[in-house]
>>> print(open('target15.cif').read())   # mmCIF, C-alpha atoms
data_structure
loop_
_atom_site.label_atom_id
_atom_site.label_comp_id
_atom_site.auth_asym_id
_atom_site.auth_seq_id
_atom_site.Cartn_x
_atom_site.Cartn_y
_atom_site.Cartn_z
CA MET I 1 9.66 5.90 39.20
CA THR I 2 8.29 2.38 38.65
CA GLU I 3 10.57 -0.32 40.01
CA VAL I 4 12.18 -2.51 37.34
CA LEU I 5 12.01 -6.16 38.41
CA ILE I 6 13.58 -7.91 35.40
CA ASN I 7 15.87 -6.64 32.68
CA LEU I 8 17.00 -8.87 29.81
CA ASN I 9 19.69 -7.41 27.57
CA GLN I 10 20.51 -9.12 24.25
CA VAL I 11 19.71 -12.51 25.75
CA GLY I 12 20.25 -15.65 23.73
CA PHE I 13 19.85 -19.30 24.59
CA ALA I 14 21.22 -22.26 22.64
CA ARG I 15 21.13 -26.00 23.20
CA ASP I 16 23.08 -28.56 21.15
CA GLU I 17 24.25 -25.76 18.86
CA HIS I 18 20.63 -24.83 18.11
CA ASP I 19 19.52 -21.27 18.86
CA ILE I 20 16.28 -21.33 20.84
CA LEU I 21 16.22 -17.61 21.67
CA SER I 22 18.14 -14.75 20.04
CA ASP I 23 18.61 -11.07 20.89
CA ILE I 24 15.86 -10.80 23.51
CA ASN I 25 15.58 -7.34 25.06
CA LEU I 26 12.86 -7.06 27.67
CA GLN I 27 12.15 -5.01 30.77
CA ILE I 28 9.39 -5.89 33.25
CA SER I 29 8.37 -3.44 35.94
CA CYS I 30 6.28 -3.63 39.08
CA GLY I 31 2.54 -3.58 38.41
CA GLU I 32 2.80 -4.95 34.87
CA ARG I 33 0.89 -8.02 33.66
CA TRP I 34 2.57 -9.63 30.65
CA LEU I 35 1.22 -12.15 28.17
CA VAL I 36 3.83 -14.14 26.24
CA LEU I 37 2.47 -15.52 22.98
CA GLY I 38 3.94 -17.78 20.31
CA ALA I 39 3.78 -21.16 18.63
CA ASN I 40 5.22 -24.36 20.06
CA GLY I 41 9.00 -24.34 20.03
CA CYS I 42 9.42 -20.57 19.81
CA GLY I 43 11.22 -20.36 23.15
CA LYS I 44 8.46 -19.24 25.50
CA SER I 45 9.08 -21.82 28.22
CA THR I 46 12.84 -21.33 28.05
CA LEU I 47 12.36 -17.60 28.47
CA LEU I 48 10.14 -18.07 31.50
CA ARG I 49 12.57 -20.54 33.07
CA MET I 50 15.29 -17.91 32.80
CA MET I 51 13.03 -15.30 34.40
CA ALA I 52 12.35 -17.75 37.21
CA LEU I 53 16.10 -18.35 37.64
CA ARG I 54 15.90 -21.99 36.48
CA GLU I 55 18.10 -21.48 33.39
CA HIS I 56 21.09 -19.29 32.50
CA PRO I 57 21.35 -17.53 29.15
CA SER I 58 23.96 -18.58 26.62
CA SER I 59 24.60 -14.92 25.84
CA GLY I 60 23.53 -11.52 27.13
CA THR I 61 22.62 -10.57 30.68
CA ILE I 62 19.63 -10.96 32.98
CA ASP I 63 19.13 -8.74 36.01
CA VAL I 64 16.48 -9.77 38.53
CA PHE I 65 15.58 -7.52 41.48
CA GLY I 66 18.68 -5.45 40.71
CA GLU I 67 21.12 -8.37 40.77
CA ARG I 68 22.89 -10.06 37.87
CA LEU I 69 22.07 -13.71 37.17
CA GLY I 70 25.33 -15.58 37.54
CA LYS I 71 26.50 -13.34 40.38
CA MET I 72 23.56 -13.73 42.75
CA ASP I 73 22.24 -16.26 45.26
CA VAL I 74 19.46 -17.78 43.16
CA ARG I 75 18.19 -19.84 46.10
CA GLN I 76 17.33 -16.67 47.97
CA ALA I 77 15.97 -14.81 44.94
CA ARG I 78 13.71 -17.71 43.96
CA ARG I 79 11.80 -17.23 47.20
CA ASN I 80 10.57 -13.95 45.80
CA ILE I 81 9.40 -15.51 42.52
CA GLY I 82 6.21 -17.53 42.26
CA PHE I 83 6.76 -20.08 39.48
CA ALA I 84 4.30 -22.65 38.15
CA ALA I 85 4.82 -24.92 35.16
CA GLN I 86 3.85 -28.44 34.14
CA GLY I 87 7.44 -29.53 34.57
CA LEU I 88 7.34 -28.38 38.18
CA ALA I 89 4.18 -30.39 38.87
CA ASP I 90 5.91 -33.51 37.56
CA GLN I 91 8.70 -33.04 40.13
CA LEU I 92 6.31 -33.05 43.07
CA ARG I 93 5.82 -36.26 45.02
CA PRO I 94 2.22 -37.40 44.41
CA GLU I 95 1.70 -38.30 48.08
CA LEU I 96 2.34 -34.75 49.28
CA ARG I 97 -0.65 -32.96 50.74
CA ALA I 98 -1.87 -29.87 48.94
CA ILE I 99 -0.89 -27.70 51.90
CA ASP I 100 2.64 -29.16 51.87
CA ILE I 101 3.06 -28.18 48.24
CA VAL I 102 2.01 -24.61 49.05
CA VAL I 103 4.03 -24.15 52.26
CA THR I 104 7.30 -25.40 50.76
CA ALA I 105 7.29 -22.39 48.42
CA LYS I 106 8.56 -20.40 51.40
CA ASN I 107 11.98 -21.93 50.79
CA ALA I 108 11.58 -22.67 47.07
CA ALA I 109 11.69 -26.35 48.06
CA LEU I 110 9.93 -29.43 46.70
CA GLU I 111 9.80 -31.44 49.93
CA PRO I 112 8.64 -30.36 53.41
CA TRP I 113 11.27 -32.30 55.34
CA TRP I 114 14.15 -30.09 54.12
CA HIS I 115 13.05 -27.21 56.36
CA VAL I 116 11.04 -26.56 59.51
CA TYR I 117 7.70 -24.80 59.04
CA SER I 118 5.81 -23.04 61.79
CA PRO I 119 2.06 -23.12 62.48
CA GLU I 120 2.00 -19.58 61.08
CA ASP I 121 3.53 -20.83 57.82
CA PHE I 122 0.86 -23.50 57.46
CA ALA I 123 -1.83 -20.96 58.33
CA LYS I 124 -0.54 -18.71 55.55
CA ALA I 125 -0.55 -21.62 53.11
CA GLN I 126 -4.12 -22.44 54.12
CA ARG I 127 -5.17 -18.86 53.42
CA GLN I 128 -3.79 -19.10 49.89
CA LEU I 129 -5.72 -22.32 49.30
CA ASP I 130 -8.86 -20.70 50.74
CA ARG I 131 -8.30 -17.71 48.45
CA LEU I 132 -8.54 -20.05 45.46
CA ASP I 133 -11.57 -21.93 46.82
CA ILE I 134 -9.72 -25.20 47.45
CA GLY I 135 -9.09 -24.84 51.16
CA ALA I 136 -11.22 -27.91 51.84
CA TYR I 137 -8.66 -30.03 49.95
CA SER I 138 -5.60 -28.94 51.94
CA GLU I 139 -5.06 -32.38 53.53
CA ARG I 140 -5.62 -34.36 50.36
CA PRO I 141 -2.71 -35.94 48.46
CA PHE I 142 -1.81 -34.08 45.27
CA SER I 143 -2.36 -37.22 43.20
CA THR I 144 -6.03 -37.44 44.21
CA LEU I 145 -6.90 -33.96 42.95
CA SER I 146 -8.38 -33.20 39.55
CA SER I 147 -6.31 -31.34 36.96
CA GLY I 148 -8.10 -28.09 37.74
CA GLU I 149 -7.60 -28.54 41.48
CA ARG I 150 -3.90 -29.25 40.98
CA GLN I 151 -3.47 -26.08 38.96
CA ARG I 152 -5.12 -24.11 41.73
CA VAL I 153 -2.76 -25.67 44.27
CA LEU I 154 0.19 -24.66 42.12
CA LEU I 155 -1.22 -21.15 41.78
CA ALA I 156 -1.67 -20.97 45.56
CA ARG I 157 1.96 -22.03 45.86
CA THR I 158 3.09 -19.12 43.68
CA LEU I 159 1.37 -16.69 46.08
CA MET I 160 2.71 -18.19 49.33
CA THR I 161 5.60 -15.73 49.72
CA GLN I 162 3.77 -12.63 48.44
CA PRO I 163 6.28 -12.58 45.58
CA GLN I 164 7.35 -9.60 43.55
CA LEU I 165 7.09 -11.72 40.41
CA VAL I 166 4.68 -14.51 39.41
CA VAL I 167 5.67 -16.61 36.37
CA LEU I 168 3.03 -18.97 34.93
CA ASP I 169 3.85 -21.31 32.06
CA GLU I 170 0.67 -22.67 30.45
CA PRO I 171 -1.40 -23.01 33.63
CA PHE I 172 -4.48 -24.00 31.58
CA ALA I 173 -2.90 -27.06 29.96
CA GLY I 174 -5.09 -30.15 30.31
CA LEU I 175 -8.05 -28.37 31.92
CA ASP I 176 -11.65 -28.94 30.90
CA LEU I 177 -13.90 -25.96 30.20
CA PRO I 178 -15.28 -25.42 33.75
CA ALA I 179 -11.83 -25.73 35.33
CA ARG I 180 -10.35 -23.40 32.73
CA GLU I 181 -12.99 -20.75 33.34
CA ASP I 182 -12.52 -21.00 37.11
CA LEU I 183 -8.77 -20.51 36.73
CA ILE I 184 -9.20 -17.56 34.35
CA SER I 185 -11.46 -15.93 36.94
CA ALA I 186 -8.90 -16.56 39.67
CA LEU I 187 -6.07 -15.09 37.60
CA THR I 188 -8.15 -12.04 36.75
CA SER I 189 -8.70 -11.46 40.47
CA ILE I 190 -5.02 -11.99 41.29
CA GLY I 191 -4.00 -9.59 38.52
CA GLN I 192 -6.08 -6.87 40.17
CA ASN I 193 -4.22 -7.38 43.46
CA GLN I 194 -1.43 -4.82 43.76
CA ASP I 195 0.37 -7.02 46.30
CA VAL I 196 1.64 -9.01 43.30
CA GLY I 197 4.39 -6.93 41.74
CA ALA I 198 4.35 -8.37 38.21
CA ILE I 199 2.82 -11.35 36.40
CA VAL I 200 4.15 -13.12 33.31
CA LEU I 201 1.79 -15.62 31.68
CA VAL I 202 2.27 -18.02 28.77
CA THR I 203 -0.70 -19.52 26.97
CA HIS I 204 -1.34 -20.74 23.44
CA HIS I 205 -5.00 -19.77 23.32
CA LEU I 206 -6.27 -16.19 23.37
CA GLU I 207 -9.56 -17.38 24.84
CA GLU I 208 -7.61 -18.23 28.02
CA VAL I 209 -6.17 -14.75 28.55
CA PRO I 210 -7.51 -13.20 31.77
CA LEU I 211 -8.68 -9.61 31.85
CA GLY I 212 -6.26 -6.92 32.94
CA MET I 213 -3.14 -7.77 30.93
CA THR I 214 -1.05 -4.64 30.36
CA HIS I 215 1.80 -5.82 28.11
CA LEU I 216 2.39 -8.30 25.31
CA LEU I 217 5.47 -10.17 24.12
CA CYS I 218 5.16 -12.13 20.87
CA LEU I 219 7.85 -14.59 19.82
CA ARG I 220 8.44 -16.39 16.55
CA GLU I 221 11.31 -18.83 16.06
CA GLY I 222 13.10 -17.44 19.09
CA ARG I 223 12.92 -13.77 18.13
CA ILE I 224 10.68 -10.91 19.17
CA VAL I 225 7.83 -10.01 16.84
CA TYR I 226 6.27 -7.49 19.21
CA CYS I 227 7.06 -6.19 22.68
CA GLY I 228 5.04 -3.40 24.23
CA PRO I 229 1.61 -2.31 25.45
CA PHE I 230 -1.06 -5.00 25.26
CA ALA I 231 -3.72 -2.84 23.61
CA ASP I 232 -1.36 -1.79 20.80
CA GLY I 233 -0.04 -5.28 20.07
CA MET I 234 -3.11 -7.45 20.39
CA THR I 235 -4.16 -7.08 16.77
CA SER I 236 -4.97 -9.52 14.01
CA SER I 237 -1.84 -8.52 12.08
CA THR I 238 0.54 -8.99 15.01
CA VAL I 239 -0.96 -12.32 16.05
CA SER I 240 -0.97 -13.51 12.43
CA GLU I 241 2.71 -12.65 12.08
CA THR I 242 3.48 -14.39 15.38
CA PHE I 243 1.91 -17.69 14.33
CA GLY I 244 2.54 -17.49 10.57
CA LEU I 245 -1.17 -17.88 9.90
CA HIS I 246 -4.00 -15.51 9.02
CA ILE I 247 -5.82 -15.02 12.33
CA ASP I 248 -8.71 -12.72 13.15
CA VAL I 249 -8.60 -11.41 16.72
CA THR I 250 -11.81 -10.07 18.22
CA THR I 251 -13.02 -9.08 21.67
CA SER I 252 -16.25 -10.28 23.23
CA PRO I 253 -18.65 -7.81 24.92
CA GLY I 254 -17.19 -8.91 28.27
CA GLY I 255 -13.66 -8.07 27.16
CA ARG I 256 -12.41 -11.62 26.57
CA LEU I 257 -10.32 -12.30 23.50
CA GLN I 258 -11.26 -14.65 20.69
CA ALA I 259 -9.18 -15.88 17.76
CA GLN I 260 -10.14 -17.64 14.56
CA ALA I 261 -7.96 -18.76 11.68
CA ARG I 262 -8.92 -17.29 8.34
CA HIS I 263 -8.70 -19.97 5.67
CA SER I 264 -8.36 -19.30 1.98
CA ALA I 265 -11.37 -20.10 -0.15
#
>>> encode(input="target15.cif", output="structure tokens")
Amino acid sequence: MTEVLINLNQVGFARDEHDILSDINLQISCGERWLVLGANGCGKSTLLRMMALREHPSSGTIDVFGERLGKMDVRQARRNIGFAAQGLADQLRPELRAIDIVVTAKNAALEPWWHVYSPEDFAKAQRQLDRLDIGAYSERPFSTLSSGERQRVLLARTLMTQPQLVVLDEPFAGLDLPAREDLISALTSIGQNQDVGAIVLVTHHLEEVPLGMTHLLCLREGRIVYCGPFADGMTSSTVSETFGLHIDVTTSPGGRLQAQARHSA
């Protein structure tokens, strides 16, 4: 039986009496690669923050690795979740070296001085940077790296602990075309690695979706439009309903997705 890593049951999230998410039922199992799709403000980032144990639901229950959020040691559980988001990057001290940012993932920390790291820890962090072709930049301050290089550092950080779950919230934001394509290639490779239990990815643009996604979750105004196998849900009708716009979804000969709005004459 496939191991269930995350189970959300009738989850809702509200802020200032405004419902951001409502009645979310979702189960993510080991080996699955999920794409979360939806317009700005539909609740995607909030959902991912709850999966990464950074937010608590206003209603419903979330079980992660067999433990109930609210009754678990989130500090320990976070060490088994690789999480990357723009908000996380903003919390990192610009002077930190790239290798420091990666190694601190061992303790789900943001600063290296809070814990003691061994030479083996730094060697492991270096291997993750090498894996993403930025090993030569390990000693450079985070602030001196390009946007694409920073995203690769953050991705290396998510892999530091060989996590059961990797959660990526818009990793392509702000990247130019070459950097975007490099990151898509890296994520495709990581998705093929069975050492990573499950991956959940948020992006606005179908052209950024790496190959190998197995499942799709579509949200609109905080509610589920579609949740299930990727091949069944990635259709023009489902995507159109998700965004409230007529969209044609096609696949290139290489398997990459493309989307184009269909305007009325």
>>> resolve_selection(input="target15.cif", expression="the PyMOL selection byres ((chain I and resi 124) around 10)", output="short mmCIF file (atom, residue, chain, number, x, y, z; two decimals) with C-alpha atoms, in the coordinates of the input")
data_model
loop_
_atom_site.label_atom_id
_atom_site.label_comp_id
_atom_site.auth_asym_id
_atom_site.auth_seq_id
_atom_site.Cartn_x
_atom_site.Cartn_y
_atom_site.Cartn_z
CA ILE I 99 -0.89 -27.70 51.90
CA VAL I 102 2.01 -24.61 49.05
CA VAL I 103 4.03 -24.15 52.26
CA SER I 118 5.81 -23.04 61.79
CA PRO I 119 2.06 -23.12 62.48
CA GLU I 120 2.00 -19.58 61.08
CA ASP I 121 3.53 -20.83 57.82
CA PHE I 122 0.86 -23.50 57.46
CA ALA I 123 -1.83 -20.96 58.33
CA ALA I 125 -0.55 -21.62 53.11
CA GLN I 126 -4.12 -22.44 54.12
CA ARG I 127 -5.17 -18.86 53.42
CA GLN I 128 -3.79 -19.10 49.89
CA LEU I 129 -5.72 -22.32 49.30
CA ASP I 130 -8.86 -20.70 50.74
CA LEU I 159 1.37 -16.69 46.08
CA MET I 160 2.71 -18.19 49.33
CA THR I 161 5.60 -15.73 49.72
#
>>> residues_near_point(input="target15.cif", point="(-3.4, -11.2, 12.5)", cutoff="7 Å", atoms="only C-alpha atoms", output="PDB file with C-alpha atoms, keeping the file's coordinate frame")
ATOM      1  CA  THR I 235      -4.160  -7.080  16.770  1.00  0.00           C
ATOM      2  CA  SER I 236      -4.970  -9.520  14.010  1.00  0.00           C
ATOM      3  CA  SER I 237      -1.840  -8.520  12.080  1.00  0.00           C
ATOM      4  CA  THR I 238       0.540  -8.990  15.010  1.00  0.00           C
ATOM      5  CA  VAL I 239      -0.960 -12.320  16.050  1.00  0.00           C
ATOM      6  CA  SER I 240      -0.970 -13.510  12.430  1.00  0.00           C
ATOM      7  CA  GLU I 241       2.710 -12.650  12.080  1.00  0.00           C
ATOM      8  CA  HIS I 246      -4.000 -15.510   9.020  1.00  0.00           C
ATOM      9  CA  ILE I 247      -5.820 -15.020  12.330  1.00  0.00           C
ATOM     10  CA  ASP I 248      -8.710 -12.720  13.150  1.00  0.00           C
ATOM     11  CA  VAL I 249      -8.600 -11.410  16.720  1.00  0.00           C
TER      12      VAL I 249
END
>>> atom_distance(input="target15.cif", atom1="atom CA of Phe65 of chain I", atom2="atom CA of Leu5 of chain I")
4.9 Å
>>> closest_residue(input="target15.cif", among="I:Gly31, I:Pro253, I:Gly174, I:Gly222", to="Glu149 of chain I", atoms="only C-alpha atoms")
I:Gly174
>>> residues_near_point(input="target15.cif", point="(-10.3, -28.6, 34.7)", cutoff="8 Å", atoms="all atoms listed in the file", output="list in words")
Ser146, Ser147, Gly148, Glu149, Gly174, Leu175, Asp176, Leu177, Pro178, Ala179 and Arg180 of chain I
>>> closest_residue(input="target15.cif", among="I:Val166, I:Ala14, I:Leu26, I:Val153", to="Ser138 of chain I", atoms="all atoms listed in the file")
I:Val153
>>> closest_residue(input="target15.cif", among="I:Asp195, I:Glu170, I:Glu3, I:Asp232", to="Gln86 of chain I", atoms="all atoms listed in the file")
I:Glu170
>>> resolve_selection(input="target15.cif", expression="the PyMOL selection byres ((chain I and resi 206) around 8)", output="list in words")
Thr203, His204, His205, Glu207, Glu208, Val209, Leu257, Gln258 and Ala259 of chain I
>>> residues_around(input="target15.cif", residues="segment 35-51 of chain I", least_positions_apart="2", cutoff="7 Å", atoms="all atoms listed in the file", output="ChimeraX atom specification")
/I:20-21,33,53-56,167,169,200-204,213,215-222,242-243
>>> atom_distance(input="target15.cif", atom1="atom CA of Leu165 of chain I", atom2="atom CA of Asn7 of chain I")
12.8 Å
>>> resolve_selection(input="target15.cif", expression="the PyMOL selection byres ((chain I and resi 69-82) around 7)", output="MDAnalysis selection string")
chainID I and resid 52:53 62:64 67:68 83:84 105:108 158:159 161 163:167
>>> write_last_selection(input="target15.cif", atoms="C-alpha atoms", output="short mmCIF file (atom, residue, chain, number, x, y, z; two decimals), keeping the file's coordinate frame")
data_model
loop_
_atom_site.label_atom_id
_atom_site.label_comp_id
_atom_site.auth_asym_id
_atom_site.auth_seq_id
_atom_site.Cartn_x
_atom_site.Cartn_y
_atom_site.Cartn_z
CA ALA I 52 12.35 -17.75 37.21
CA LEU I 53 16.10 -18.35 37.64
CA ILE I 62 19.63 -10.96 32.98
CA ASP I 63 19.13 -8.74 36.01
CA VAL I 64 16.48 -9.77 38.53
CA GLU I 67 21.12 -8.37 40.77
CA ARG I 68 22.89 -10.06 37.87
CA PHE I 83 6.76 -20.08 39.48
CA ALA I 84 4.30 -22.65 38.15
CA ALA I 105 7.29 -22.39 48.42
CA LYS I 106 8.56 -20.40 51.40
CA ASN I 107 11.98 -21.93 50.79
CA ALA I 108 11.58 -22.67 47.07
CA THR I 158 3.09 -19.12 43.68
CA LEU I 159 1.37 -16.69 46.08
CA THR I 161 5.60 -15.73 49.72
CA PRO I 163 6.28 -12.58 45.58
CA GLN I 164 7.35 -9.60 43.55
CA LEU I 165 7.09 -11.72 40.41
CA VAL I 166 4.68 -14.51 39.41
CA VAL I 167 5.67 -16.61 36.37
#
>>> closest_residue(input="target15.cif", among="I:Gly244, I:Glu111, I:Arg93, I:Arg256", to="Thr188 of chain I", atoms="all atoms listed in the file")
I:Arg256
>>> atom_distance(input="target15.cif", atom1="atom CA of Val196 of chain I", atom2="atom CA of Thr144 of chain I")
29.5 Å
>>> closest_residue(input="target15.cif", among="I:Gly60, I:Gly228, I:Pro141, I:Gly66", to="Asp100 of chain I", atoms="all atoms listed in the file")
I:Pro141
>>> residues_around(input="target15.cif", residues="Ile24 of chain I", least_positions_apart="6", cutoff="8 Å", atoms="only C-alpha atoms", output="JSON, numbers by chain")
{"I": [8, 9, 10, 11, 12, 223, 224]}
>>> closest_residue(input="target15.cif", among="I:Ser58, I:Ser29, I:Gln91, I:Thr214", to="Glu17 of chain I", atoms="only C-alpha atoms")
I:Ser58
>>> decode(input="target15.cif", residues="segment 242-262 of chain I", atoms="N, CA and C atoms", output="short mmCIF file (atom, residue, chain, number, x, y, z; two decimals), in the first residue's frame")
data_model
loop_
_atom_site.label_atom_id
_atom_site.label_comp_id
_atom_site.auth_asym_id
_atom_site.auth_seq_id
_atom_site.Cartn_x
_atom_site.Cartn_y
_atom_site.Cartn_z
N THR I 242 -11.14 26.83 -14.14
CA THR I 242 -10.29 27.24 -13.02
C THR I 242 -10.01 28.74 -13.07
N PHE I 243 -9.74 29.27 -14.25
CA PHE I 243 -9.37 30.67 -14.38
C PHE I 243 -10.52 31.57 -14.79
N GLY I 244 -11.69 30.99 -15.11
CA GLY I 244 -12.82 31.81 -15.53
C GLY I 244 -12.58 32.49 -16.86
N LEU I 245 -11.89 31.79 -17.75
CA LEU I 245 -11.50 32.35 -19.04
C LEU I 245 -11.39 31.20 -20.03
N HIS I 246 -11.77 31.44 -21.28
CA HIS I 246 -11.64 30.39 -22.29
C HIS I 246 -10.16 30.20 -22.62
N ILE I 247 -9.63 29.02 -22.31
CA ILE I 247 -8.21 28.74 -22.49
C ILE I 247 -8.06 27.43 -23.25
N ASP I 248 -7.23 27.46 -24.27
CA ASP I 248 -6.89 26.25 -25.02
C ASP I 248 -5.57 25.70 -24.48
N VAL I 249 -5.61 24.46 -24.05
CA VAL I 249 -4.42 23.78 -23.52
C VAL I 249 -3.95 22.77 -24.55
N THR I 250 -2.69 22.87 -24.93
CA THR I 250 -2.09 21.95 -25.88
C THR I 250 -0.77 21.42 -25.33
N THR I 251 -0.26 20.40 -25.97
CA THR I 251 1.00 19.79 -25.56
C THR I 251 1.97 19.81 -26.73
N SER I 252 3.18 20.26 -26.48
CA SER I 252 4.19 20.31 -27.53
C SER I 252 4.69 18.90 -27.83
N PRO I 253 5.40 18.70 -28.95
CA PRO I 253 5.93 17.37 -29.26
C PRO I 253 6.83 16.82 -28.16
N GLY I 254 7.48 17.70 -27.40
CA GLY I 254 8.35 17.25 -26.32
C GLY I 254 7.62 16.97 -25.02
N GLY I 255 6.30 17.21 -25.00
CA GLY I 255 5.51 16.91 -23.82
C GLY I 255 5.23 18.10 -22.92
N ARG I 256 5.79 19.27 -23.25
CA ARG I 256 5.55 20.46 -22.44
C ARG I 256 4.18 21.05 -22.76
N LEU I 257 3.57 21.63 -21.72
CA LEU I 257 2.25 22.22 -21.88
C LEU I 257 2.33 23.63 -22.43
N GLN I 258 1.25 24.02 -23.11
CA GLN I 258 1.12 25.38 -23.61
C GLN I 258 -0.33 25.80 -23.40
N ALA I 259 -0.53 27.08 -23.12
CA ALA I 259 -1.88 27.59 -22.89
C ALA I 259 -2.04 28.91 -23.61
N GLN I 260 -3.21 29.09 -24.19
CA GLN I 260 -3.50 30.34 -24.91
C GLN I 260 -4.96 30.70 -24.68
N ALA I 261 -5.19 31.96 -24.30
CA ALA I 261 -6.56 32.44 -24.10
C ALA I 261 -7.26 32.54 -25.44
N ARG I 262 -8.52 32.16 -25.45
CA ARG I 262 -9.31 32.21 -26.66
C ARG I 262 -10.25 33.41 -26.55
#
